[in-house]
$ cat start33.cif   # mmCIF, C-alpha atoms and all ligand atoms
data_model
#
loop_
_atom_site.label_atom_id
_atom_site.label_comp_id
_atom_site.auth_asym_id
_atom_site.auth_seq_id
_atom_site.Cartn_x
_atom_site.Cartn_y
_atom_site.Cartn_z
CA MET A 1 -141.44 179.97 -138.67
CA ARG A 2 -139.01 177.23 -139.72
CA LEU A 3 -135.39 178.31 -139.30
CA ALA A 4 -132.38 176.56 -140.82
CA SER A 5 -131.56 173.41 -138.85
CA LYS A 6 -127.93 174.42 -138.42
CA LEU A 7 -129.13 177.17 -136.07
CA ASN A 8 -130.09 174.43 -133.61
CA ASN A 9 -126.41 173.60 -133.24
CA LEU A 10 -125.48 177.17 -132.45
CA PRO A 11 -124.57 177.65 -128.78
CA PRO A 12 -125.82 180.88 -127.20
CA TYR A 13 -123.06 183.48 -127.60
CA LEU A 14 -121.09 183.33 -124.38
CA MET A 15 -121.06 187.03 -123.59
CA ALA A 16 -124.77 187.44 -124.30
CA GLU A 17 -125.49 184.74 -121.71
CA ALA A 18 -123.12 186.35 -119.20
CA LYS A 19 -124.83 189.71 -119.65
CA LYS A 20 -128.16 188.19 -118.60
CA ARG A 21 -126.68 186.83 -115.36
CA ILE A 22 -125.03 190.13 -114.56
CA ALA A 23 -128.23 192.06 -115.28
CA ALA A 24 -130.10 189.82 -112.84
CA GLN A 25 -127.61 190.68 -110.05
CA LYS A 26 -127.74 194.39 -110.88
CA ALA A 27 -131.52 194.27 -110.73
CA LYS A 28 -131.09 193.05 -107.12
CA GLY A 29 -129.03 196.18 -106.38
CA VAL A 30 -125.60 194.48 -106.40
CA ASP A 31 -122.67 196.71 -107.48
CA VAL A 32 -121.38 194.28 -110.11
CA ILE A 33 -117.81 194.60 -111.40
CA ASP A 34 -117.71 192.86 -114.74
CA LEU A 35 -114.28 191.41 -115.48
CA GLY A 36 -115.77 189.11 -118.08
CA MET A 37 -115.21 190.94 -121.34
CA GLY A 38 -112.05 191.82 -123.23
CA ASN A 39 -113.39 195.25 -124.16
CA PRO A 40 -110.57 197.84 -123.77
CA ASP A 41 -111.67 200.45 -121.23
CA LEU A 42 -109.05 203.06 -122.15
CA PRO A 43 -109.95 205.64 -124.80
CA THR A 44 -108.78 205.71 -128.39
CA PRO A 45 -106.01 208.36 -128.52
CA ASP A 46 -107.02 211.87 -129.55
CA PHE A 47 -104.95 211.95 -132.74
CA ILE A 48 -106.92 208.98 -134.08
CA VAL A 49 -110.29 210.49 -133.11
CA GLU A 50 -109.25 213.81 -134.72
CA ALA A 51 -108.39 212.02 -137.97
CA LEU A 52 -111.93 210.62 -137.97
CA GLN A 53 -113.41 214.07 -137.30
CA ARG A 54 -111.42 215.71 -140.10
CA SER A 55 -112.43 213.05 -142.58
CA ALA A 56 -116.08 213.06 -141.48
CA ASP A 57 -116.20 216.83 -142.13
CA ASP A 58 -115.59 216.19 -145.83
CA PRO A 59 -118.82 215.26 -147.66
CA ALA A 60 -116.75 213.42 -150.25
CA ASN A 61 -116.25 210.73 -147.60
CA HIS A 62 -119.95 210.16 -146.93
CA GLY A 63 -120.73 207.85 -149.81
CA TYR A 64 -120.09 204.13 -150.26
CA PRO A 65 -116.50 203.43 -149.27
CA ASN A 66 -113.83 201.59 -151.23
CA TYR A 67 -114.87 197.94 -150.82
CA TYR A 68 -111.32 196.64 -150.69
CA GLY A 69 -110.15 199.29 -148.23
CA ILE A 70 -108.54 202.54 -149.34
CA PRO A 71 -104.98 201.97 -150.62
CA ALA A 72 -103.55 203.93 -147.65
CA LEU A 73 -105.18 201.52 -145.20
CA ARG A 74 -103.90 198.41 -146.99
CA GLN A 75 -100.50 200.10 -147.09
CA GLY A 76 -100.82 200.93 -143.38
CA PHE A 77 -101.27 197.25 -142.51
CA ALA A 78 -98.33 196.32 -144.76
CA HIS A 79 -96.18 198.94 -142.98
CA LEU A 80 -97.24 197.55 -139.61
CA TYR A 81 -96.17 194.03 -140.66
CA ALA A 82 -92.84 195.31 -141.99
CA ARG A 83 -92.14 197.39 -138.88
CA ARG A 84 -93.43 194.97 -136.25
CA PHE A 85 -92.65 191.54 -137.69
CA ASN A 86 -90.16 192.21 -140.47
CA VAL A 87 -92.65 190.61 -142.86
CA CYS A 88 -93.11 192.12 -146.31
CA LEU A 89 -96.70 191.91 -147.61
CA ASP A 90 -98.07 193.08 -150.95
CA PRO A 91 -100.81 195.58 -149.99
CA GLU A 92 -102.62 194.93 -153.29
CA LYS A 93 -102.92 191.16 -153.00
CA GLU A 94 -102.07 190.09 -149.48
CA VAL A 95 -104.05 192.55 -147.32
CA VAL A 96 -107.80 193.05 -147.07
CA PRO A 97 -109.27 195.26 -144.32
CA LEU A 98 -112.24 193.87 -142.41
CA ILE A 99 -115.14 195.34 -140.44
CA GLY A 100 -113.44 193.94 -137.33
CA SER A 101 -111.59 190.67 -137.57
CA LYS A 102 -114.64 188.77 -136.26
CA GLU A 103 -116.48 189.04 -139.58
CA GLY A 104 -113.38 187.81 -141.37
CA LEU A 105 -113.21 184.68 -139.22
CA VAL A 106 -116.70 183.79 -140.40
CA HIS A 107 -116.01 184.59 -144.07
CA LEU A 108 -112.77 182.61 -144.05
CA THR A 109 -114.52 179.48 -142.85
CA ASN A 110 -117.06 179.81 -145.68
CA VAL A 111 -114.31 180.38 -148.19
CA ILE A 112 -112.34 177.28 -147.17
CA CYS A 113 -114.93 174.74 -146.08
CA ASP A 114 -117.67 172.78 -147.77
CA PRO A 115 -120.36 171.11 -145.68
CA GLY A 116 -118.90 168.01 -144.04
CA ASP A 117 -115.32 169.26 -143.97
CA ILE A 118 -113.68 169.36 -140.56
CA VAL A 119 -112.45 172.53 -138.86
CA LEU A 120 -109.80 172.05 -136.17
CA VAL A 121 -110.83 174.41 -133.39
CA PRO A 122 -108.80 175.12 -130.24
CA ASP A 123 -110.55 174.06 -127.03
CA PRO A 124 -110.70 176.22 -124.98
CA GLY A 125 -110.90 178.91 -127.64
CA TYR A 126 -112.57 182.06 -128.88
CA PRO A 127 -116.13 180.82 -129.53
CA VAL A 128 -116.45 182.37 -133.00
CA TYR A 129 -114.21 179.73 -134.68
CA ARG A 130 -116.68 177.03 -133.71
CA ILE A 131 -119.75 179.10 -134.55
CA ALA A 132 -118.33 179.98 -137.99
CA ALA A 133 -117.80 176.30 -138.72
CA ILE A 134 -121.38 175.48 -137.74
CA LEU A 135 -122.72 178.28 -139.97
CA ALA A 136 -120.64 176.94 -142.86
CA GLY A 137 -122.13 173.46 -142.34
CA ALA A 138 -118.68 172.11 -141.46
CA ASP A 139 -117.91 169.73 -138.60
CA VAL A 140 -115.90 170.87 -135.59
CA TYR A 141 -113.07 168.84 -134.12
CA PRO A 142 -112.03 170.41 -130.81
CA VAL A 143 -108.26 170.31 -130.39
CA PRO A 144 -107.45 170.30 -126.66
CA LEU A 145 -105.21 173.07 -125.34
CA LEU A 146 -103.89 171.56 -122.13
CA GLU A 147 -101.96 173.20 -119.33
CA GLU A 148 -99.34 170.42 -119.43
CA ASN A 149 -98.66 171.29 -123.10
CA SER A 150 -98.44 175.02 -122.32
CA TYR A 151 -101.82 175.35 -124.07
CA LEU A 152 -100.36 174.50 -127.47
CA PRO A 153 -102.21 171.91 -129.58
CA ASP A 154 -100.64 168.46 -129.81
CA LEU A 155 -100.97 168.07 -133.60
CA ASP A 156 -99.68 164.46 -133.51
CA ALA A 157 -102.56 163.49 -131.23
CA ILE A 158 -105.24 164.38 -133.83
CA PRO A 159 -106.54 161.08 -135.26
CA THR A 160 -105.54 160.36 -138.88
CA TRP A 161 -109.17 160.14 -140.08
CA VAL A 162 -109.78 163.61 -138.66
CA VAL A 163 -106.67 165.07 -140.27
CA LYS A 164 -107.72 163.60 -143.64
CA ARG A 165 -111.09 165.40 -143.54
CA SER A 166 -109.71 168.63 -142.07
CA ARG A 167 -109.54 171.77 -144.19
CA LEU A 168 -108.83 174.49 -141.66
CA LEU A 169 -106.79 174.80 -138.44
CA TRP A 170 -107.33 177.77 -136.10
CA LEU A 171 -104.53 179.11 -133.95
CA ASN A 172 -104.56 182.14 -131.67
CA TYR A 173 -101.43 183.29 -129.82
CA PRO A 174 -101.29 185.30 -127.59
CA ASN A 175 -104.27 183.19 -126.72
CA ASN A 176 -107.79 183.98 -125.68
CA PRO A 177 -108.74 182.68 -123.11
CA THR A 178 -105.59 181.04 -121.68
CA ALA A 179 -103.15 183.95 -122.31
CA ALA A 180 -100.63 181.37 -123.57
CA VAL A 181 -98.03 182.44 -126.12
CA ALA A 182 -96.37 180.57 -128.97
CA ASN A 183 -92.89 180.88 -130.43
CA THR A 184 -91.72 180.55 -134.01
CA SER A 185 -90.51 176.95 -133.58
CA PHE A 186 -94.08 175.96 -132.78
CA PHE A 187 -95.27 177.89 -135.85
CA ALA A 188 -92.65 176.05 -137.95
CA ARG A 189 -94.11 172.70 -136.80
CA VAL A 190 -97.57 173.96 -137.78
CA VAL A 191 -96.34 174.85 -141.28
CA ASP A 192 -94.95 171.30 -141.72
CA PHE A 193 -98.24 169.81 -140.49
CA ALA A 194 -100.29 172.00 -142.83
CA GLN A 195 -98.07 171.29 -145.84
CA ALA A 196 -98.10 167.53 -145.20
CA ASN A 197 -101.89 167.42 -144.90
CA GLY A 198 -103.19 170.14 -147.22
CA ILE A 199 -104.74 172.11 -144.36
CA VAL A 200 -105.17 175.89 -144.36
CA VAL A 201 -103.92 177.62 -141.21
CA ALA A 202 -105.64 180.69 -139.83
CA HIS A 203 -103.69 182.47 -137.12
CA ASP A 204 -105.72 184.99 -135.16
CA ASN A 205 -103.22 187.58 -133.91
CA ALA A 206 -105.74 189.85 -132.17
CA TYR A 207 -103.46 190.31 -129.11
CA ALA A 208 -100.17 190.73 -131.01
CA ASP A 209 -99.48 194.09 -129.38
CA VAL A 210 -100.79 193.66 -125.88
CA ALA A 211 -97.73 192.23 -124.14
CA PHE A 212 -95.80 192.63 -120.91
CA ASP A 213 -92.32 192.39 -119.38
CA GLY A 214 -90.66 193.14 -122.73
CA TYR A 215 -92.18 190.09 -124.43
CA VAL A 216 -92.78 190.63 -128.20
CA PRO A 217 -95.35 188.24 -129.73
CA PRO A 218 -94.41 186.97 -133.20
CA SER A 219 -96.44 186.74 -136.40
CA PHE A 220 -97.11 183.34 -137.96
CA PHE A 221 -95.47 184.77 -141.10
CA GLU A 222 -92.09 185.06 -139.42
CA VAL A 223 -91.71 181.37 -140.30
CA PRO A 224 -90.71 180.34 -143.84
CA GLY A 225 -93.55 178.77 -145.81
CA ALA A 226 -96.30 180.18 -143.56
CA ARG A 227 -97.78 182.35 -146.29
CA ASP A 228 -98.05 179.30 -148.56
CA VAL A 229 -100.36 177.59 -146.09
CA GLY A 230 -102.21 180.32 -144.32
CA VAL A 231 -103.52 183.68 -143.36
CA GLU A 232 -103.33 185.83 -140.26
CA PHE A 233 -105.93 188.10 -138.73
CA TYR A 234 -104.86 191.39 -137.19
CA SER A 235 -107.22 193.65 -135.27
CA LEU A 236 -107.06 197.31 -134.27
CA SER A 237 -109.49 196.60 -131.41
CA LYS A 238 -106.96 195.73 -128.71
CA THR A 239 -103.75 197.26 -130.06
CA TYR A 240 -105.20 200.74 -130.49
CA ASN A 241 -108.13 200.71 -128.01
CA MET A 242 -110.45 200.73 -131.04
CA ALA A 243 -112.84 197.83 -130.34
CA GLY A 244 -115.94 199.82 -131.23
CA TRP A 245 -114.54 201.15 -134.50
CA ARG A 246 -114.60 197.69 -136.09
CA VAL A 247 -111.38 197.49 -138.05
CA GLY A 248 -109.14 194.50 -138.67
CA ALA A 249 -107.51 192.77 -141.60
CA VAL A 250 -106.91 189.37 -143.12
CA LEU A 251 -103.38 189.06 -144.42
CA GLY A 252 -101.12 186.56 -146.11
CA ASN A 253 -101.85 183.88 -148.69
CA ALA A 254 -103.04 185.89 -151.70
CA GLU A 255 -105.46 183.29 -153.02
CA VAL A 256 -107.25 182.98 -149.69
CA VAL A 257 -107.18 186.72 -148.94
CA GLN A 258 -108.64 187.48 -152.38
CA ALA A 259 -111.34 184.84 -151.88
CA VAL A 260 -112.35 186.53 -148.60
CA ALA A 261 -112.45 189.85 -150.47
CA ARG A 262 -114.72 188.30 -153.12
CA VAL A 263 -117.22 187.19 -150.47
CA LYS A 264 -117.05 190.56 -148.74
CA THR A 265 -117.77 192.57 -151.84
CA ASN A 266 -120.97 190.58 -152.13
CA VAL A 267 -122.18 190.85 -148.55
CA ASP A 268 -120.96 194.21 -147.24
CA SER A 269 -119.88 197.52 -148.66
CA GLY A 270 -116.70 198.22 -146.76
CA ILE A 271 -115.66 200.36 -143.80
CA PHE A 272 -116.94 203.98 -143.45
CA THR A 273 -114.21 206.08 -145.10
CA PRO A 274 -113.55 208.35 -142.07
CA VAL A 275 -112.99 205.22 -139.96
CA GLN A 276 -110.50 204.05 -142.59
CA HIS A 277 -108.68 207.41 -142.41
CA ALA A 278 -108.57 207.19 -138.62
CA SER A 279 -107.20 203.64 -138.89
CA VAL A 280 -104.44 204.90 -141.18
CA ALA A 281 -103.58 207.48 -138.50
CA ALA A 282 -103.46 204.69 -135.91
CA LEU A 283 -101.23 202.44 -138.03
CA GLU A 284 -98.89 205.12 -139.37
CA GLY A 285 -98.86 207.62 -136.47
CA ASP A 286 -97.12 207.65 -133.08
CA GLN A 287 -96.79 204.12 -131.67
CA SER A 288 -95.06 205.00 -128.40
CA TRP A 289 -98.31 205.24 -126.44
CA VAL A 290 -99.00 201.52 -127.05
CA ALA A 291 -96.09 200.55 -124.76
CA GLU A 292 -97.34 203.02 -122.13
CA ARG A 293 -100.82 201.53 -122.34
CA ASN A 294 -99.35 198.04 -121.95
CA ARG A 295 -97.66 199.20 -118.74
CA VAL A 296 -101.15 200.03 -117.41
CA TYR A 297 -102.36 196.49 -118.15
CA GLN A 298 -99.17 195.07 -116.66
CA ARG A 299 -99.69 196.97 -113.41
CA ARG A 300 -103.29 195.70 -113.28
CA ARG A 301 -102.07 192.18 -113.99
CA ASP A 302 -99.68 192.32 -111.03
CA GLN A 303 -102.41 193.64 -108.72
CA VAL A 304 -104.80 190.89 -109.79
CA ILE A 305 -102.26 188.10 -109.42
CA ALA A 306 -101.41 189.32 -105.90
CA ALA A 307 -105.12 189.44 -104.94
CA LEU A 308 -105.78 185.95 -106.31
CA ARG A 309 -102.79 184.63 -104.36
CA SER A 310 -104.13 186.08 -101.12
CA ALA A 311 -107.44 184.34 -101.82
CA GLY A 312 -105.55 181.05 -102.37
CA ILE A 313 -106.50 180.93 -106.08
CA SER A 314 -103.79 179.88 -108.51
CA ALA A 315 -103.40 181.59 -111.89
CA GLY A 316 -100.73 181.88 -114.54
CA VAL A 317 -98.90 185.19 -114.91
CA PRO A 318 -99.67 186.23 -118.52
CA LYS A 319 -96.92 187.54 -120.79
CA ALA A 320 -99.52 188.91 -123.20
CA SER A 321 -103.25 189.27 -123.96
CA LEU A 322 -105.86 190.96 -121.79
CA TYR A 323 -106.51 187.94 -119.61
CA VAL A 324 -105.58 186.09 -116.47
CA TRP A 325 -106.44 182.38 -116.71
CA GLY A 326 -106.84 180.80 -113.30
CA SER A 327 -107.75 177.49 -111.77
CA VAL A 328 -110.98 176.74 -109.87
CA THR A 329 -109.62 173.45 -108.51
CA GLY A 330 -111.29 172.66 -105.22
CA HIS A 331 -114.18 175.07 -105.86
CA GLY A 332 -116.57 172.93 -107.97
CA THR A 333 -117.16 173.52 -111.67
CA SER A 334 -115.99 176.72 -113.29
CA LEU A 335 -119.60 177.94 -113.54
CA ASP A 336 -120.21 177.15 -109.83
CA PHE A 337 -117.10 179.10 -108.94
CA CYS A 338 -117.98 182.14 -111.04
CA LEU A 339 -121.57 182.25 -109.81
CA ARG A 340 -120.44 181.93 -106.17
CA LEU A 341 -117.91 184.69 -106.70
CA LEU A 342 -120.59 186.89 -108.29
CA GLU A 343 -122.97 186.22 -105.43
CA LYS A 344 -120.42 186.78 -102.64
CA THR A 345 -118.38 189.65 -104.08
CA GLY A 346 -120.28 191.08 -107.05
CA VAL A 347 -117.26 190.38 -109.27
CA TRP A 348 -118.00 188.55 -112.50
CA LEU A 349 -115.39 186.38 -114.20
CA THR A 350 -115.98 184.17 -117.21
CA PRO A 351 -116.25 180.44 -116.52
CA GLY A 352 -113.67 178.53 -118.55
CA SER A 353 -116.29 176.01 -119.67
CA GLY A 354 -117.80 178.74 -121.85
CA PHE A 355 -114.75 178.43 -124.10
CA GLY A 356 -115.06 174.67 -124.59
CA GLU A 357 -114.96 171.41 -122.70
CA HIS A 358 -111.26 171.75 -121.88
CA GLY A 359 -111.86 175.14 -120.33
CA GLU A 360 -113.64 173.38 -117.47
CA GLY A 361 -111.69 173.86 -114.25
CA TYR A 362 -110.63 177.41 -115.08
CA PHE A 363 -111.86 181.00 -115.12
CA ARG A 364 -110.88 183.96 -117.27
CA LEU A 365 -110.41 187.40 -115.77
CA SER A 366 -110.17 190.45 -118.06
CA LEU A 367 -107.78 193.28 -117.22
CA ALA A 368 -109.79 195.67 -119.39
CA ALA A 369 -111.64 197.45 -116.59
CA PRO A 370 -111.12 201.03 -115.33
CA ASP A 371 -108.47 201.32 -112.59
CA ASP A 372 -110.88 202.27 -109.82
CA ARG A 373 -113.17 199.33 -110.63
CA LEU A 374 -110.26 196.95 -110.87
CA ASP A 375 -108.89 198.25 -107.52
CA GLU A 376 -112.25 197.54 -105.92
CA ALA A 377 -112.47 194.10 -107.59
CA VAL A 378 -108.97 193.27 -106.37
CA ARG A 379 -109.95 194.27 -102.82
CA ARG A 380 -113.02 192.04 -102.94
CA LEU A 381 -111.14 189.14 -104.56
CA ALA A 382 -108.37 189.22 -101.94
CA GLU A 383 -111.01 188.74 -99.22
CA PHE A 384 -112.98 186.08 -101.10
CA LYS A 385 -113.34 182.79 -99.27
CA ALA A 386 -114.80 180.15 -101.57
N1 LIG B 1 -110.14 187.08 -132.01
C1 LIG B 1 -110.00 186.94 -130.69
C2 LIG B 1 -109.14 185.85 -130.16
C3 LIG B 1 -110.68 187.80 -129.82
O1 LIG B 1 -110.56 187.64 -128.50
C4 LIG B 1 -111.50 188.82 -130.37
C5 LIG B 1 -112.26 189.74 -129.52
O2 LIG B 1 -112.36 189.62 -128.33
C6 LIG B 1 -111.59 188.92 -131.74
C7 LIG B 1 -110.90 188.05 -132.55
C8 LIG B 1 -112.47 189.94 -132.40
O3 LIG B 1 -111.76 191.04 -132.74
P1 LIG B 1 -112.42 192.23 -133.59
O4 LIG B 1 -112.82 193.27 -132.61
O5 LIG B 1 -111.33 192.67 -134.51
O6 LIG B 1 -113.58 191.68 -134.33
#
$ encode --input "start33.cif" --output "structure tokens"
Amino acid sequence: MRLASKLNNLPPYLMAEAKKRIAAQKAKGVDVIDLGMGNPDLPTPDFIVEALQRSADDPANHGYPNYYGIPALRQGFAHLYARRFNVCLDPEKEVVPLIGSKEGLVHLTNVICDPGDIVLVPDPGYPVYRIAAILAGADVYPVPLLEENSYLPDLDAIPTWVVKRSRLLWLNYPNNPTAAVANTSFFARVVDFAQANGIVVAHDNAYADVAFDGYVPPSFFEVPGARDVGVEFYSLSKTYNMAGWRVGAVLGNAEVVQAVARVKTNVDSGIFTPVQHASVAALEGDQSWVAERNRVYQRRRDQVIAALRSAGISAGVPKASLYVWGSVTGHGTSLDFCLRLLEKTGVWLTPGSGFGEHGEGYFRLSLAAPDDRLDEAVRRLAEFKA
């Protein structure tokens, strides 16, 4: 069978590859603790699950859903943006719910790029930005996120010929995998860059509400002019412990948001209505538990940082996101380090190189593991001698 040639350029999806390695260790009887994935381990709160159950009991909700998202869900996202970021969005034109933000990242790239256009992709970065560009037939220009620049892209360092061919710039703060954060003055520089060069900005705000020590991550739209140049992705996966429910949204620039909606109405048929009702409950209901949940992640973060220090491994202390980004300096490549750690302790971390060339030299540790497993991982890490 001849498959499309662009599939040859597709790297194996990072987590799929990791799963194979972990399975091999488990098959040998090793008690593996997987700290590789950012999959929230804590349950979705009962009031959200109950909203799903109530809605699922009504046969009227069993048919094809509203393709554009029920008005209450679009309104729910608009309320979130007003409450959280003081940003006023038109729920009719500037909000479209997604079956998880991941699908939207792929649609957006198709909506913006023609084959041969360049997509500016953070390196290291969430692998889907790159994969979406490849599927759209666009070219990828990896924009280095370097520790010395606090993992922010140096936009002035992108060659002029690249900027001229670029159509789309991806940003993601709080960042996966580095856990770096960005402030509104950085976003203001991005708006100037995008306006000067006719580039669409896509800010992936998946970790907007997983933050510690009182830090409050901003929205890209808190900066004047941002909605003229871009869109933002919000996800219920991490904020509301709803990763499996598959709900997110693309918000902002009406022309781009509506173009994504046009593609979606042709390739999917929306989110199951009871899931939409439950998402409305999440967005409009009690929010106080989110801060409590963040205190759980913060306690885990502190435990992990202490354990890494006793093992002589240096790592940044994240203000937000689900991740600790640490250095493997002195321990070979990031893959060597992670495989050695897996072999000696049964703890799996993600090698930084899986997120791009500039992720080499680092590992990513996810805090989204049950307390007892994380306690055990921390015990093993503290004793690890590379
Ligand atoms: N964006 C980033 C940066 C992520 O890390 C993830 C998931 O890990 C996603 C998007 C996907 O989110 P969703 O579950 O809404 O598809």
$ closest_residue --input "start33.cif" --among "A:Ala56, A:Val250, A:Val260, A:Val32" --to "Val347 of chain A" --atoms "all atoms listed in the file"
A:Val32
$ residues_near_ligand --input "start33.cif" --ligand "ligand LIG 1 (chain B)" --cutoff "7 Å" --atoms "all atoms listed in the file" --output "ChimeraX atom specification"
/A:38,100-103,126,172,175-176,204,206,235-237,243,246-248
$ residues_around --input "start33.cif" --residues "Val296 of chain A" --least-positions-apart "4" --cutoff "12 Å" --atoms "only C-alpha atoms" --output "PyMOL selection string"
chain A and resi 40-42+210-213+289-292+300-303+322+367-371+374
$ atom_distance --input "start33.cif" --atom1 "atom CA of Val229 of chain A" --atom2 "atom CA of Ala133 of chain A"
19.0 Å
$ closest_residue --input "start33.cif" --among "A:Ala132, A:Cys88, A:Ile112, A:Leu339" --to "Phe221 of chain A" --atoms "only C-alpha atoms"
A:Cys88
$ closest_residue --input "start33.cif" --among "A:Ala282, A:Ile99, A:Ala311, A:Ala208" --to "Phe77 of chain A" --atoms "only C-alpha atoms"
A:Ala282
$ closest_residue --input "start33.cif" --among "A:Val257, A:Val200, A:Ala4, A:Ser150" --to "Ala182 of chain A" --atoms "all atoms listed in the file"
A:Ser150
$ closest_residue --input "start33.cif" --among "A:Ser288, A:Gln298, A:Ser353, A:Gln25" --to "Gly214 of chain A" --atoms "all atoms listed in the file"
A:Gln298
$ atom_distance --input "start33.cif" --atom1 "atom CA of Ala136 of chain A" --atom2 "atom CA of Ala254 of chain A"
21.6 Å
$ residues_around --input "start33.cif" --residues "segment 188-195 of chain A" --least-positions-apart "6" --cutoff "9 Å" --atoms "only C-alpha atoms" --output "ChimeraX atom specification"
/A:155-156,168-169,201,220,223-226,228-230
$ residues_around --input "start33.cif" --residues "segment 63-71 of chain A" --least-positions-apart "6" --cutoff "12 Å" --atoms "only C-alpha atoms" --output "PyMOL selection string"
chain A and resi 56+77-78+90-99+247-250+257-280
$ closest_residue --input "start33.cif" --among "A:Asn197, A:Ser219, A:Ser166, A:Gln75" --to "Asp114 of chain A" --atoms "all atoms listed in the file"
A:Ser166
$ decode --input "start33.cif" --residues "segment 311-327 of chain A" --atoms "N, CA and C atoms" --output "PDB file, in the first residue's frame"
ATOM      1  N   ALA A 311      19.773  13.800  45.105  1.00  0.00           N
ATOM      2  CA  ALA A 311      20.472  12.958  44.124  1.00  0.00           C
ATOM      3  C   ALA A 311      21.484  13.778  43.324  1.00  0.00           C
ATOM      4  N   GLY A 312      21.625  15.061  43.640  1.00  0.00           N
ATOM      5  CA  GLY A 312      22.601  15.911  42.937  1.00  0.00           C
ATOM      6  C   GLY A 312      22.144  16.283  41.537  1.00  0.00           C
ATOM      7  N   ILE A 313      20.818  16.279  41.291  1.00  0.00           N
ATOM      8  CA  ILE A 313      20.289  16.604  39.961  1.00  0.00           C
ATOM      9  C   ILE A 313      19.647  17.987  40.034  1.00  0.00           C
ATOM     10  N   SER A 314      20.048  18.870  39.107  1.00  0.00           N
ATOM     11  CA  SER A 314      19.495  20.230  39.217  1.00  0.00           C
ATOM     12  C   SER A 314      18.244  20.380  38.343  1.00  0.00           C
ATOM     13  N   ALA A 315      17.284  21.112  38.869  1.00  0.00           N
ATOM     14  CA  ALA A 315      16.006  21.317  38.165  1.00  0.00           C
ATOM     15  C   ALA A 315      15.439  22.655  38.585  1.00  0.00           C
ATOM     16  N   GLY A 316      14.704  23.282  37.668  1.00  0.00           N
ATOM     17  CA  GLY A 316      14.049  24.538  38.004  1.00  0.00           C
ATOM     18  C   GLY A 316      12.848  24.265  38.899  1.00  0.00           C
ATOM     19  N   VAL A 317      12.468  25.257  39.698  1.00  0.00           N
ATOM     20  CA  VAL A 317      11.279  25.121  40.543  1.00  0.00           C
ATOM     21  C   VAL A 317      10.118  25.768  39.784  1.00  0.00           C
ATOM     22  N   PRO A 318       9.196  24.948  39.241  1.00  0.00           N
ATOM     23  CA  PRO A 318       8.155  25.530  38.373  1.00  0.00           C
ATOM     24  C   PRO A 318       7.146  26.390  39.136  1.00  0.00           C
ATOM     25  N   LYS A 319       6.750  27.477  38.501  1.00  0.00           N
ATOM     26  CA  LYS A 319       5.673  28.324  39.044  1.00  0.00           C
ATOM     27  C   LYS A 319       4.318  27.842  38.550  1.00  0.00           C
ATOM     28  N   ALA A 320       4.333  27.032  37.512  1.00  0.00           N
ATOM     29  CA  ALA A 320       3.077  26.596  36.881  1.00  0.00           C
ATOM     30  C   ALA A 320       3.368  25.375  36.017  1.00  0.00           C
ATOM     31  N   SER A 321       2.294  24.791  35.477  1.00  0.00           N
ATOM     32  CA  SER A 321       2.324  23.580  34.642  1.00  0.00           C
ATOM     33  C   SER A 321       2.400  22.333  35.527  1.00  0.00           C
ATOM     34  N   LEU A 322       2.428  21.184  34.875  1.00  0.00           N
ATOM     35  CA  LEU A 322       2.460  19.921  35.625  1.00  0.00           C
ATOM     36  C   LEU A 322       3.870  19.351  35.698  1.00  0.00           C
ATOM     37  N   TYR A 323       4.877  20.148  35.289  1.00  0.00           N
ATOM     38  CA  TYR A 323       6.175  19.542  35.025  1.00  0.00           C
ATOM     39  C   TYR A 323       7.329  20.148  35.809  1.00  0.00           C
ATOM     40  N   VAL A 324       8.309  19.273  36.071  1.00  0.00           N
ATOM     41  CA  VAL A 324       9.618  19.729  36.534  1.00  0.00           C
ATOM     42  C   VAL A 324      10.580  19.440  35.384  1.00  0.00           C
ATOM     43  N   TRP A 325      11.338  20.458  35.002  1.00  0.00           N
ATOM     44  CA  TRP A 325      12.290  20.356  33.881  1.00  0.00           C
ATOM     45  C   TRP A 325      13.680  20.400  34.493  1.00  0.00           C
ATOM     46  N   GLY A 326      14.407  19.287  34.334  1.00  0.00           N
ATOM     47  CA  GLY A 326      15.700  19.206  35.016  1.00  0.00           C
ATOM     48  C   GLY A 326      16.831  18.937  34.047  1.00  0.00           C
ATOM     49  N   SER A 327      18.039  19.084  34.557  1.00  0.00           N
ATOM     50  CA  SER A 327      19.219  18.957  33.713  1.00  0.00           C
ATOM     51  C   SER A 327      19.840  17.569  33.878  1.00  0.00           C
TER      52      SER A 327
END
